[in-house]
$ cat target.csv   # CSV, C-alpha atoms and all ligand atoms
chain,number,residue,atom,x,y,z
B,1,MET,CA,43.5,-25.1,20.0
B,2,THR,CA,42.8,-22.3,22.4
B,3,ASP,CA,39.8,-20.0,22.0
B,4,ARG,CA,40.7,-16.3,22.2
B,5,ALA,CA,37.1,-15.3,22.4
B,6,ALA,CA,36.4,-17.6,25.3
B,7,ALA,CA,39.5,-16.4,27.1
B,8,LYS,CA,38.4,-12.8,26.7
B,9,ALA,CA,34.9,-13.6,28.0
B,10,ALA,CA,36.4,-15.3,31.1
B,11,LEU,CA,38.8,-12.4,31.7
B,12,GLN,CA,35.9,-10.0,31.4
B,13,ALA,CA,34.0,-12.0,34.0
B,14,GLN,CA,36.9,-12.3,36.5
B,15,THR,CA,37.0,-9.7,39.3
B,16,VAL,CA,39.7,-8.8,41.7
B,17,GLU,CA,38.9,-7.4,45.1
B,18,THR,CA,41.1,-4.7,46.4
B,19,PRO,CA,41.9,-4.2,50.1
B,20,SER,CA,41.1,-1.0,51.9
B,21,TRP,CA,44.5,-1.2,53.7
B,22,ALA,CA,46.5,-1.1,50.4
B,23,TYR,CA,45.4,2.6,50.1
B,24,GLY,CA,46.7,3.7,53.5
B,25,ASN,CA,50.2,4.3,54.8
B,26,SER,CA,52.0,1.1,55.7
B,27,GLY,CA,55.5,0.0,56.5
B,28,THR,CA,57.5,-2.5,58.5
B,29,ARG,CA,58.1,-2.5,62.3
B,30,PHE,CA,61.1,-0.3,61.5
B,31,LYS,CA,59.4,2.6,59.8
B,32,VAL,CA,56.1,3.6,58.2
B,33,PHE,CA,56.8,6.1,55.4
B,34,ALA,CA,53.9,8.6,55.1
B,35,GLN,CA,52.9,9.4,51.5
B,36,PRO,CA,51.1,12.5,50.3
B,37,GLY,CA,47.5,12.3,49.5
B,38,VAL,CA,46.7,9.1,51.4
B,39,PRO,CA,43.1,8.6,52.6
B,40,ARG,CA,42.1,9.9,56.0
B,41,THR,CA,38.8,7.9,56.3
B,42,PRO,CA,37.3,4.7,55.0
B,43,TYR,CA,35.3,6.9,52.6
B,44,GLU,CA,38.4,8.2,51.0
B,45,LYS,CA,39.8,4.7,50.7
B,46,LEU,CA,36.7,4.0,48.6
B,47,ASP,CA,37.3,7.1,46.5
B,48,ASP,CA,40.7,5.6,45.6
B,49,ALA,CA,39.4,2.1,45.0
B,50,ALA,CA,36.9,3.7,42.6
B,51,GLN,CA,39.9,5.0,40.6
B,52,VAL,CA,41.3,1.4,40.4
B,53,HIS,CA,37.9,0.1,39.2
B,54,ALA,CA,37.5,3.0,36.7
B,55,ARG,CA,40.9,2.2,35.1
B,56,THR,CA,40.7,-1.6,35.1
B,57,GLY,CA,37.0,-2.3,35.0
B,58,VAL,CA,37.5,-5.5,37.0
B,59,ALA,CA,37.8,-4.3,40.6
B,60,PRO,CA,34.3,-3.5,41.8
B,61,THR,CA,34.6,-4.7,45.4
B,62,VAL,CA,36.6,-3.5,48.3
B,63,ALA,CA,37.6,-5.5,51.4
B,64,LEU,CA,37.3,-3.9,54.8
B,65,HIS,CA,39.3,-4.6,57.9
B,66,ILE,CA,37.6,-4.0,61.2
B,67,PRO,CA,38.4,-2.0,63.3
B,68,TRP,CA,40.7,-0.2,60.8
B,69,ASP,CA,37.6,0.7,58.7
B,70,ARG,CA,35.2,1.2,61.6
B,71,VAL,CA,32.4,3.7,60.9
B,72,ASP,CA,29.2,4.5,62.7
B,73,ASP,CA,26.9,3.6,59.8
B,74,TYR,CA,28.0,0.7,57.6
B,75,ALA,CA,24.9,0.9,55.4
B,76,ALA,CA,25.8,4.5,54.7
B,77,LEU,CA,29.3,3.3,53.7
B,78,ALA,CA,27.8,0.7,51.4
B,79,LYS,CA,25.6,3.4,49.8
B,80,TYR,CA,28.7,5.6,49.4
B,81,ALA,CA,30.4,2.7,47.7
B,82,ALA,CA,27.5,2.1,45.4
B,83,GLU,CA,27.4,5.7,44.3
B,84,ARG,CA,31.0,5.1,43.1
B,85,GLY,CA,30.2,1.9,41.2
B,86,LEU,CA,31.6,-0.2,44.0
B,87,ARG,CA,30.4,-2.8,46.5
B,88,LEU,CA,31.8,-3.6,49.9
B,89,GLY,CA,33.4,-7.0,49.9
B,90,THR,CA,35.0,-9.3,52.4
B,91,ILE,CA,35.0,-8.3,56.0
B,92,ASN,CA,38.4,-9.0,57.5
B,93,SER,CA,38.3,-9.6,61.3
B,94,ASN,CA,41.1,-8.4,63.5
B,95,VAL,CA,41.8,-10.1,66.8
B,96,PHE,CA,45.5,-9.4,66.8
B,97,GLN,CA,45.9,-5.8,67.8
B,98,ASP,CA,44.9,-5.6,71.5
B,99,ASP,CA,47.0,-6.0,74.6
B,100,ASP,CA,44.5,-8.7,75.7
B,101,TYR,CA,45.6,-10.9,72.9
B,102,ARG,CA,49.2,-11.4,74.1
B,103,LEU,CA,48.6,-15.1,74.6
B,104,GLY,CA,46.1,-15.4,71.7
B,105,SER,CA,42.5,-14.6,70.9
B,106,VAL,CA,40.1,-17.4,70.4
B,107,CYS,CA,42.8,-19.9,71.6
B,108,HIS,CA,43.7,-17.9,74.6
B,109,PRO,CA,43.8,-19.9,77.9
B,110,ASP,CA,41.5,-17.3,79.6
B,111,ARG,CA,37.8,-17.7,78.8
B,112,ALA,CA,37.2,-14.0,79.2
B,113,VAL,CA,39.7,-13.1,76.4
B,114,ARG,CA,38.2,-15.8,74.2
B,115,ARG,CA,34.8,-14.3,74.7
B,116,LYS,CA,36.1,-10.9,73.8
B,117,ALA,CA,37.6,-12.2,70.5
B,118,LEU,CA,34.4,-14.2,69.7
B,119,ASP,CA,32.3,-11.1,70.3
B,120,HIS,CA,34.4,-9.2,67.7
B,121,LEU,CA,34.0,-12.0,65.2
B,122,LEU,CA,30.2,-12.0,65.7
B,123,GLU,CA,30.2,-8.2,65.4
B,124,CYS,CA,31.9,-8.7,62.0
B,125,VAL,CA,28.9,-10.8,60.9
B,126,ASP,CA,26.6,-8.0,62.0
B,127,ILE,CA,28.6,-5.7,59.8
B,128,MET,CA,28.3,-8.1,56.9
B,129,ASP,CA,24.5,-7.9,57.3
B,130,ALA,CA,24.7,-4.1,57.0
B,131,THR,CA,27.2,-4.0,54.2
B,132,GLY,CA,25.7,-6.9,52.2
B,133,SER,CA,29.1,-8.7,52.3
B,134,ARG,CA,29.2,-12.4,51.5
B,135,ASP,CA,32.5,-13.4,53.2
B,136,LEU,CA,34.0,-13.1,56.6
B,137,LYS,CA,37.8,-13.6,56.5
B,138,LEU,CA,39.3,-15.1,59.6
B,139,TRP,CA,43.0,-14.9,60.3
B,140,PHE,CA,44.3,-15.6,63.8
B,141,SER,CA,47.7,-14.6,65.0
B,142,ASP,CA,47.3,-17.1,67.8
B,143,GLY,CA,50.2,-19.4,68.7
B,144,THR,CA,53.0,-19.8,71.1
B,145,ASN,CA,56.6,-18.8,71.2
B,146,TYR,CA,58.1,-21.5,73.5
B,147,PRO,CA,57.7,-25.2,73.8
B,148,GLY,CA,55.4,-26.0,76.8
B,149,GLN,CA,53.9,-22.4,76.8
B,150,ASP,CA,50.4,-23.8,76.3
B,151,ASP,CA,48.6,-27.0,75.4
B,152,ILE,CA,48.6,-27.4,71.6
B,153,ARG,CA,45.5,-29.7,71.6
B,154,ALA,CA,43.5,-27.6,74.0
B,155,ARG,CA,44.1,-24.6,71.8
B,156,GLN,CA,42.7,-26.6,68.9
B,157,ASP,CA,39.6,-27.3,71.0
B,158,ARG,CA,39.2,-23.6,71.8
B,159,LEU,CA,39.6,-22.7,68.2
B,160,ALA,CA,37.0,-25.2,67.0
B,161,GLU,CA,34.5,-24.0,69.6
B,162,ALA,CA,34.8,-20.4,68.5
B,163,LEU,CA,34.7,-21.3,64.8
B,164,GLY,CA,31.5,-23.3,65.5
B,165,THR,CA,29.8,-20.4,67.2
B,166,VAL,CA,30.6,-18.1,64.3
B,167,TYR,CA,29.5,-20.7,61.8
B,168,GLU,CA,26.1,-20.9,63.4
B,169,ARG,CA,25.7,-17.2,63.3
B,170,LEU,CA,26.3,-17.0,59.5
B,171,GLY,CA,23.3,-16.1,57.3
B,172,GLU,CA,22.1,-18.3,54.5
B,173,LYS,CA,24.3,-16.8,51.8
B,174,GLN,CA,27.3,-15.9,54.0
B,175,ARG,CA,30.5,-17.8,54.2
B,176,MET,CA,33.6,-17.8,56.5
B,177,LEU,CA,37.0,-18.1,54.9
B,178,LEU,CA,39.7,-19.5,57.2
B,179,GLU,CA,43.2,-18.2,56.4
B,180,TYR,CA,46.3,-20.1,57.5
B,181,LYS,CA,49.8,-18.8,57.9
B,182,LEU,CA,53.0,-20.6,58.7
B,183,PHE,CA,54.4,-18.3,61.4
B,184,GLU,CA,54.5,-14.7,62.6
B,185,PRO,CA,53.8,-13.2,65.0
B,186,ALA,CA,54.0,-16.6,66.8
B,187,PHE,CA,57.3,-18.2,66.3
B,188,TYR,CA,57.0,-21.7,67.8
B,189,THR,CA,53.5,-23.0,67.2
B,190,THR,CA,50.8,-21.2,65.2
B,191,ASP,CA,47.2,-22.5,65.7
B,192,VAL,CA,46.2,-22.4,62.0
B,193,PRO,CA,49.6,-22.8,60.4
B,194,ASP,CA,48.8,-24.6,57.2
B,195,TRP,CA,46.1,-25.6,54.7
B,196,GLY,CA,45.6,-29.0,56.3
B,197,THR,CA,44.7,-27.5,59.7
B,198,ALA,CA,42.3,-25.0,58.0
B,199,TYR,CA,40.8,-27.7,55.8
B,200,ALA,CA,40.2,-30.0,58.8
B,201,HIS,CA,38.3,-27.3,60.7
B,202,CYS,CA,36.4,-26.2,57.6
B,203,LEU,CA,35.4,-29.8,56.8
B,204,ARG,CA,33.9,-30.3,60.2
B,205,LEU,CA,32.1,-27.0,60.1
B,206,GLY,CA,30.3,-27.5,56.8
B,207,PRO,CA,29.9,-26.0,53.3
B,208,LYS,CA,29.9,-22.4,54.4
B,209,ALA,CA,33.4,-22.7,55.8
B,210,GLN,CA,36.1,-22.5,53.1
B,211,VAL,CA,39.9,-22.2,53.1
B,212,VAL,CA,41.6,-19.0,51.9
B,213,VAL,CA,45.1,-19.2,50.4
B,214,ASP,CA,47.3,-16.2,51.1
B,215,THR,CA,50.2,-16.7,48.7
B,216,GLY,CA,52.7,-15.2,51.2
B,217,HIS,CA,51.9,-17.6,54.0
B,218,HIS,CA,53.9,-20.7,53.2
B,219,ALA,CA,57.4,-22.0,53.8
B,220,PRO,CA,59.8,-21.1,51.0
B,221,GLY,CA,59.6,-23.7,48.2
B,222,THR,CA,56.0,-24.8,49.0
B,223,ASN,CA,54.1,-25.9,45.9
B,224,ILE,CA,51.1,-23.6,46.3
B,225,GLU,CA,49.5,-24.7,43.0
B,226,PHE,CA,49.2,-28.2,44.4
B,227,ILE,CA,47.4,-26.9,47.4
B,228,VAL,CA,45.1,-25.0,45.1
B,229,ALA,CA,44.4,-28.1,43.0
B,230,LEU,CA,43.6,-30.1,46.0
B,231,LEU,CA,41.3,-27.6,47.7
B,232,LEU,CA,39.4,-27.0,44.5
B,233,ARG,CA,39.0,-30.7,44.0
B,234,GLU,CA,37.5,-31.0,47.5
B,235,GLY,CA,35.2,-28.0,47.0
B,236,LYS,CA,37.0,-26.1,49.8
B,237,LEU,CA,38.8,-23.2,48.0
B,238,GLY,CA,37.1,-20.1,49.2
B,239,GLY,CA,39.5,-17.6,47.8
B,240,PHE,CA,42.9,-16.0,47.6
B,241,ASP,CA,44.8,-13.3,49.3
B,242,PHE,CA,47.2,-12.4,46.5
B,243,ASN,CA,50.5,-10.8,47.1
B,244,SER,CA,54.1,-11.8,46.4
B,245,ARG,CA,57.1,-12.5,48.5
B,246,PHE,CA,60.8,-13.1,48.3
B,247,TYR,CA,61.3,-14.2,51.9
B,248,ALA,CA,58.3,-14.4,54.2
B,249,ASP,CA,55.0,-12.5,54.4
B,250,ASP,CA,56.5,-9.6,52.4
B,251,ASP,CA,53.1,-8.4,51.0
B,252,LEU,CA,54.6,-7.1,47.8
B,253,MET,CA,52.6,-6.6,44.7
B,254,ALA,CA,50.9,-9.8,43.3
B,255,GLY,CA,52.9,-11.2,40.4
B,256,ALA,CA,56.0,-9.1,41.1
B,257,ALA,CA,58.3,-11.6,42.8
B,258,ASP,CA,57.3,-14.7,40.9
B,259,PRO,CA,55.0,-14.3,38.0
B,260,PHE,CA,55.6,-17.9,36.9
B,261,GLN,CA,54.2,-19.1,40.3
B,262,LEU,CA,51.1,-16.9,39.8
B,263,PHE,CA,50.6,-18.4,36.4
B,264,ARG,CA,50.9,-21.9,37.8
B,265,ILE,CA,48.4,-21.1,40.4
B,266,MET,CA,45.9,-19.6,37.9
B,267,TYR,CA,46.4,-22.6,35.6
B,268,GLU,CA,45.2,-24.9,38.5
B,269,VAL,CA,42.3,-22.5,39.1
B,270,VAL,CA,41.3,-22.7,35.4
B,271,ARG,CA,41.9,-26.4,35.3
B,272,GLY,CA,39.8,-27.0,38.4
B,273,GLY,CA,36.9,-24.9,37.3
B,274,GLY,CA,37.7,-22.3,39.9
B,275,LEU,CA,37.2,-19.2,37.7
B,276,THR,CA,33.8,-18.6,39.2
B,277,PRO,CA,32.4,-16.2,41.8
B,278,ASP,CA,32.7,-19.0,44.4
B,279,VAL,CA,36.4,-18.3,44.5
B,280,ALA,CA,37.2,-14.8,45.7
B,281,PHE,CA,40.3,-13.3,44.1
B,282,MET,CA,41.5,-10.7,46.6
B,283,LEU,CA,44.6,-8.7,46.9
B,284,ASP,CA,46.2,-8.5,50.4
B,285,GLN,CA,49.3,-6.4,50.1
B,286,CYS,CA,50.9,-3.1,51.2
B,287,HIS,CA,52.7,-0.4,49.2
B,288,ASN,CA,55.3,0.8,51.7
B,289,ILE,CA,57.5,2.7,49.3
B,290,GLU,CA,55.7,2.9,46.0
B,291,GLN,CA,52.7,5.0,45.0
B,292,LYS,CA,49.6,3.2,46.2
B,293,ILE,CA,46.9,3.5,43.6
B,294,PRO,CA,49.1,2.7,40.5
B,295,ALA,CA,50.5,-0.2,42.5
B,296,VAL,CA,47.0,-1.6,43.1
B,297,ILE,CA,46.2,-1.1,39.4
B,298,ARG,CA,49.5,-2.9,38.4
B,299,SER,CA,48.6,-5.8,40.8
B,300,VAL,CA,45.1,-6.2,39.3
B,301,MET,CA,46.8,-6.2,35.8
B,302,ASN,CA,49.3,-8.8,37.0
B,303,VAL,CA,46.5,-11.1,38.2
B,304,GLN,CA,44.7,-10.6,34.8
B,305,GLU,CA,47.9,-11.4,32.9
B,306,ALA,CA,48.5,-14.6,34.8
B,307,THR,CA,44.9,-15.6,34.3
B,308,ALA,CA,45.1,-14.8,30.5
B,309,LYS,CA,48.1,-17.0,30.1
B,310,ALA,CA,46.4,-19.8,32.1
B,311,LEU,CA,43.4,-19.5,29.8
B,312,LEU,CA,45.6,-19.8,26.7
B,313,VAL,CA,47.0,-23.2,27.7
B,314,ASP,CA,46.1,-25.6,24.9
B,315,GLY,CA,44.2,-28.2,26.9
B,316,ASP,CA,43.9,-30.7,24.1
B,317,ALA,CA,47.6,-30.6,23.2
B,318,LEU,CA,48.4,-30.8,26.9
B,319,SER,CA,46.3,-33.9,27.6
B,320,ALA,CA,47.5,-35.6,24.4
B,321,ALA,CA,51.1,-35.1,25.5
B,322,GLN,CA,50.3,-36.2,29.0
B,323,ARG,CA,48.5,-39.4,27.8
B,324,ALA,CA,51.5,-40.2,25.6
B,325,GLY,CA,53.8,-39.7,28.5
B,326,ASP,CA,55.7,-37.1,26.5
B,327,VAL,CA,57.2,-35.1,29.3
B,328,LEU,CA,58.9,-32.5,27.2
B,329,ALA,CA,55.9,-31.8,24.9
B,330,ALA,CA,53.6,-31.5,27.9
B,331,ASN,CA,55.9,-29.0,29.6
B,332,ALA,CA,56.3,-27.1,26.3
B,333,VAL,CA,52.5,-26.6,26.0
B,334,LEU,CA,52.4,-25.0,29.4
B,335,MET,CA,55.5,-22.9,28.7
B,336,ASP,CA,54.1,-21.8,25.4
B,337,ALA,CA,51.2,-20.3,27.2
B,338,TYR,CA,53.3,-18.7,29.9
B,339,ASN,CA,55.6,-17.2,27.3
B,340,THR,CA,52.8,-15.6,25.3
B,341,ASP,CA,52.7,-11.9,25.5
B,342,VAL,CA,49.1,-11.4,26.6
B,343,ARG,CA,49.3,-7.6,27.0
B,344,PRO,CA,47.9,-7.0,23.5
B,345,LEU,CA,44.9,-9.3,24.2
B,346,LEU,CA,44.1,-7.5,27.5
B,347,ALA,CA,44.6,-4.0,25.8
B,348,GLU,CA,42.2,-5.1,23.1
B,349,LEU,CA,39.7,-6.3,25.7
B,350,ARG,CA,39.9,-3.0,27.6
B,351,GLU,CA,39.4,-1.0,24.4
B,352,GLU,CA,36.4,-3.1,23.6
B,353,THR,CA,34.8,-2.2,26.9
B,354,GLY,CA,35.6,1.5,26.6
B,355,LEU,CA,38.6,1.6,28.8
B,356,ASP,CA,42.1,3.0,28.1
B,357,PRO,CA,44.3,0.1,27.0
B,358,ASP,CA,47.0,1.3,29.5
B,359,PRO,CA,45.4,1.7,32.9
B,360,VAL,CA,48.5,3.0,34.7
B,361,ALA,CA,49.1,5.7,32.1
B,362,ALA,CA,45.4,6.6,32.2
B,363,TYR,CA,45.6,7.0,35.9
B,364,HIS,CA,48.6,9.2,35.8
B,365,ARG,CA,46.9,11.4,33.2
B,366,SER,CA,43.7,11.6,35.1
B,367,GLY,CA,44.9,14.2,37.6
B,368,TRP,CA,43.6,12.2,40.6
B,369,GLN,CA,47.0,11.9,42.2
B,370,GLN,CA,47.6,15.7,42.1
B,371,ARG,CA,44.1,16.3,43.4
B,372,ILE,CA,44.4,14.0,46.5
B,373,THR,CA,47.9,15.3,47.2
B,374,GLU,CA,46.5,18.9,47.4
B,375,GLU,CA,43.3,18.1,49.2
B,376,ARG,CA,44.2,15.5,51.7
B,377,VAL,CA,46.5,16.3,54.6
B,378,GLY,CA,47.3,13.9,57.4
B,379,GLY,CA,46.7,10.5,55.7
B,380,GLN,CA,45.6,7.5,57.7
B,381,GLN,CA,48.0,4.6,58.5
B,382,ALA,CA,46.8,1.3,57.0
B,383,GLY,CA,46.5,-0.2,60.5
B,384,TRP,CA,49.7,-1.8,61.6
B,385,GLY,CA,53.4,-1.5,61.4
B,386,ALA,CA,53.6,1.7,63.5
P,401,LIG,C1,48.0,-11.8,58.0
P,401,LIG,C2,47.2,-11.2,56.9
P,401,LIG,C3,45.7,-11.4,57.2
P,401,LIG,C4,45.4,-10.1,57.8
P,401,LIG,C5,46.2,-9.2,56.8
P,401,LIG,C6,46.3,-7.7,57.1
P,401,LIG,O1,49.4,-11.8,57.7
P,401,LIG,O2,47.6,-11.8,55.7
P,401,LIG,O3,45.0,-11.6,56.0
P,401,LIG,O4,44.0,-9.8,57.8
P,401,LIG,O5,47.4,-9.8,56.8
P,402,MN,MN,46.1,-12.3,54.2
P,403,MN,MN,49.7,-12.0,55.5

$ encode --input "target.csv" --output "structure tokens" --more "lines below"
Ligand code: LRH
Ligand code: MN
Ligand code: MN
Amino acid sequence: MTDRAAAKAALQAQTVETPSWAYGNSGTRFKVFAQPGVPRTPYEKLDDAAQVHARTGVAPTVALHIPWDRVDDYAALAKYAAERGLRLGTINSNVFQDDDYRLGSVCHPDRAVRRKALDHLLECVDIMDATGSRDLKLWFSDGTNYPGQDDIRARQDRLAEALGTVYERLGEKQRMLLEYKLFEPAFYTTDVPDWGTAYAHCLRLGPKAQVVVDTGHHAPGTNIEFIVALLLREGKLGGFDFNSRFYADDDLMAGAADPFQLFRIMYEVVRGGGLTPDVAFMLDQCHNIEQKIPAVIRSVMNVQEATAKALLVDGDALSAAQRAGDVLAANAVLMDAYNTDVRPLLAELREETGLDPDPVAAYHRSGWQQRITEERVGGQQAGWGA
């Protein structure tokens, strides 16, 4: 038996963090398509994020990317967010967009470049102090393009040294989330290419270091839900960067390319007791050709739908079938939940909390898109892809 009321309570408690960069113009290395009404400042990105939260009720935090969201006064930005019912969330560091980082950042062979990268990471912790953010997300584009280019082991030593220094700087309630990615921009070795490497570093560092799973950062065919189950079991799953992909790091809307995979991931989260604030559910995606705010709303809803289905899995029936070795029955229990149309349940939940049951339609009716199209001229690029 599944408990609809318990599922609703869990859905009401789950929050999804939206990324500031999803609201800005973005593209590929071939072309960035500018859209009308796109934010010109981090403040305007918060205005748009507030629309997503107003329609969905479950997106109260916004991730920042430094320096894309650099401002003079972060406490003022946090206050601006609070006035809109939002909080500033994860601080994403950026040590990949400077000429000095051609051979890497914290793994660079030159000590001076490593120091520059480390100083940026430490500055991000200062920013967290000002914004009240809990998490620092670390993704390194570091790697090499050719065999022999640099010493693979020495680069791991340099990485460990930098991570250790950042770890020591963290406050009592702050965490660092280490994000791995198979390849790109480095094409031969990447210094944090997989969950195992991230896990090994985080394990040595201690409990404030956690692994973050970006769903677009694996080889095709990788069983991501297995990684999720394992990290949760080890107490090392810090959060997700949700997005979806058909080929590589496509950064398409979460749940768009493979909703079944998102369900399987969320089932392991539920099964492993990961539906808690200790696991950060973040979006990390770009909307290159589609309208941005409704795309973020749709993505939040996709995460909610996958979570709802995961919560509806009949755990008793599943474990009975598993104990009996009834392969088909066990699979059927999982598929029953996946094939349930959870949209009425989520619509009901929204109505109960005073929201419109259809967040995308409500956004389109709100007039916000027309307003920003008229008022904002010269929207800001999300940060890369120029
Ligand atoms: C790297 C990544 C990482 C960055 C973001 C913009 O591919 O996933 O999380 O911070 O993209
Ligand atoms: Mn990411
Ligand atoms: Mn990515």

$ residues_around --input "target.csv" --residues "segment 86-91 of chain B" --least-positions-apart "2" --cutoff "7 Å" --atoms "all atoms listed in the file" --output "ChimeraX atom specification"
/B:50,60-65,78,81-82,84,93,124,128,131,133-137

$ write_last_selection --input "target.csv" --atoms "C-alpha atoms" --output "short mmCIF file (atom, residue, chain, number, x, y, z; two decimals), in the coordinates of the input"
data_model
loop_
_atom_site.label_atom_id
_atom_site.label_comp_id
_atom_site.auth_asym_id
_atom_site.auth_seq_id
_atom_site.Cartn_x
_atom_site.Cartn_y
_atom_site.Cartn_z
CA ALA B 50 36.90 3.70 42.60
CA PRO B 60 34.30 -3.50 41.80
CA THR B 61 34.60 -4.70 45.40
CA VAL B 62 36.60 -3.50 48.30
CA ALA B 63 37.60 -5.50 51.40
CA LEU B 64 37.30 -3.90 54.80
CA HIS B 65 39.30 -4.60 57.90
CA ALA B 78 27.80 0.70 51.40
CA ALA B 81 30.40 2.70 47.70
CA ALA B 82 27.50 2.10 45.40
CA ARG B 84 31.00 5.10 43.10
CA SER B 93 38.30 -9.60 61.30
CA CYS B 124 31.90 -8.70 62.00
CA MET B 128 28.30 -8.10 56.90
CA THR B 131 27.20 -4.00 54.20
CA SER B 133 29.10 -8.70 52.30
CA ARG B 134 29.20 -12.40 51.50
CA ASP B 135 32.50 -13.40 53.20
CA LEU B 136 34.00 -13.10 56.60
CA LYS B 137 37.80 -13.60 56.50
#

$ closest_atom_pairs --input "target.csv" --of "chain B" --to "ligand LIG 401 (chain P)" --cutoff "10 Å" --atoms "only C-alpha atoms and all ligand atoms" --output "JSON lines"
{"residue": "B:Pro19", "atom": "CA", "partner": "P:LIG401", "partner_atom": "C6", "distance": 9.0}
{"residue": "B:Ser20", "atom": "CA", "partner": "P:LIG401", "partner_atom": "C6", "distance": 9.9}
{"residue": "B:Trp21", "atom": "CA", "partner": "P:LIG401", "partner_atom": "C6", "distance": 7.6}
{"residue": "B:Ala22", "atom": "CA", "partner": "P:LIG401", "partner_atom": "C6", "distance": 9.4}
{"residue": "B:Leu64", "atom": "CA", "partner": "P:LIG401", "partner_atom": "O4", "distance": 9.4}
{"residue": "B:His65", "atom": "CA", "partner": "P:LIG401", "partner_atom": "O4", "distance": 7.0}
{"residue": "B:Ile66", "atom": "CA", "partner": "P:LIG401", "partner_atom": "O4", "distance": 9.3}
{"residue": "B:Ile91", "atom": "CA", "partner": "P:LIG401", "partner_atom": "O4", "distance": 9.3}
{"residue": "B:Asn92", "atom": "CA", "partner": "P:LIG401", "partner_atom": "O4", "distance": 5.7}
{"residue": "B:Ser93", "atom": "CA", "partner": "P:LIG401", "partner_atom": "O4", "distance": 6.7}
{"residue": "B:Asn94", "atom": "CA", "partner": "P:LIG401", "partner_atom": "O4", "distance": 6.5}
{"residue": "B:Val95", "atom": "CA", "partner": "P:LIG401", "partner_atom": "O4", "distance": 9.3}
{"residue": "B:Phe96", "atom": "CA", "partner": "P:LIG401", "partner_atom": "C4", "distance": 9.0}
{"residue": "B:Lys137", "atom": "CA", "partner": "P:LIG401", "partner_atom": "O4", "distance": 7.4}
{"residue": "B:Leu138", "atom": "CA", "partner": "P:LIG401", "partner_atom": "O4", "distance": 7.3}
{"residue": "B:Trp139", "atom": "CA", "partner": "P:LIG401", "partner_atom": "C3", "distance": 5.4}
{"residue": "B:Phe140", "atom": "CA", "partner": "P:LIG401", "partner_atom": "C1", "distance": 7.9}
{"residue": "B:Ser141", "atom": "CA", "partner": "P:LIG401", "partner_atom": "C1", "distance": 7.5}
{"residue": "B:Leu178", "atom": "CA", "partner": "P:LIG401", "partner_atom": "O3", "distance": 9.6}
{"residue": "B:Glu179", "atom": "CA", "partner": "P:LIG401", "partner_atom": "O3", "distance": 6.9}
{"residue": "B:Tyr180", "atom": "CA", "partner": "P:LIG401", "partner_atom": "C1", "distance": 8.5}
{"residue": "B:Lys181", "atom": "CA", "partner": "P:LIG401", "partner_atom": "O1", "distance": 7.0}
{"residue": "B:Leu182", "atom": "CA", "partner": "P:LIG401", "partner_atom": "O1", "distance": 9.6}
{"residue": "B:Phe183", "atom": "CA", "partner": "P:LIG401", "partner_atom": "O1", "distance": 9.0}
{"residue": "B:Glu184", "atom": "CA", "partner": "P:LIG401", "partner_atom": "O1", "distance": 7.6}
{"residue": "B:Pro185", "atom": "CA", "partner": "P:LIG401", "partner_atom": "O1", "distance": 8.6}
{"residue": "B:Val212", "atom": "CA", "partner": "P:LIG401", "partner_atom": "O3", "distance": 9.1}
{"residue": "B:Val213", "atom": "CA", "partner": "P:LIG401", "partner_atom": "O2", "distance": 9.4}
{"residue": "B:Asp214", "atom": "CA", "partner": "P:LIG401", "partner_atom": "O2", "distance": 6.4}
{"residue": "B:Thr215", "atom": "CA", "partner": "P:LIG401", "partner_atom": "O2", "distance": 8.9}
{"residue": "B:Gly216", "atom": "CA", "partner": "P:LIG401", "partner_atom": "O2", "distance": 7.6}
{"residue": "B:His217", "atom": "CA", "partner": "P:LIG401", "partner_atom": "O1", "distance": 7.3}
{"residue": "B:Phe240", "atom": "CA", "partner": "P:LIG401", "partner_atom": "O3", "distance": 9.7}
{"residue": "B:Asp241", "atom": "CA", "partner": "P:LIG401", "partner_atom": "O3", "distance": 6.9}
{"residue": "B:Phe242", "atom": "CA", "partner": "P:LIG401", "partner_atom": "O2", "distance": 9.2}
{"residue": "B:Asn243", "atom": "CA", "partner": "P:LIG401", "partner_atom": "O2", "distance": 9.1}
{"residue": "B:Ala248", "atom": "CA", "partner": "P:LIG401", "partner_atom": "O1", "distance": 9.9}
{"residue": "B:Asp249", "atom": "CA", "partner": "P:LIG401", "partner_atom": "O1", "distance": 6.5}
{"residue": "B:Asp250", "atom": "CA", "partner": "P:LIG401", "partner_atom": "O1", "distance": 9.1}
{"residue": "B:Asp251", "atom": "CA", "partner": "P:LIG401", "partner_atom": "O2", "distance": 8.0}
{"residue": "B:Leu283", "atom": "CA", "partner": "P:LIG401", "partner_atom": "O3", "distance": 9.6}
{"residue": "B:Asp284", "atom": "CA", "partner": "P:LIG401", "partner_atom": "O2", "distance": 6.4}
{"residue": "B:Gln285", "atom": "CA", "partner": "P:LIG401", "partner_atom": "C6", "distance": 7.7}
{"residue": "B:Cys286", "atom": "CA", "partner": "P:LIG401", "partner_atom": "C6", "distance": 8.8}
{"residue": "B:Ala382", "atom": "CA", "partner": "P:LIG401", "partner_atom": "C6", "distance": 9.0}
{"residue": "B:Gly383", "atom": "CA", "partner": "P:LIG401", "partner_atom": "C6", "distance": 8.2}
{"residue": "B:Trp384", "atom": "CA", "partner": "P:LIG401", "partner_atom": "C6", "distance": 8.2}

$ closest_residue --input "target.csv" --among "B:Arg29, B:Lys173, B:Ala219, B:Pro42" --to "Asp72 of chain B" --atoms "all atoms listed in the file"
B:Pro42

$ residues_near_point --input "target.csv" --point "(43.0, 5.4, 41.2)" --cutoff "9 Å" --atoms "only C-alpha atoms" --output "NGL selection string"
:B and (47-55 or 292-294 or 296-297 or 360 or 363-364 or 366 or 368-369)
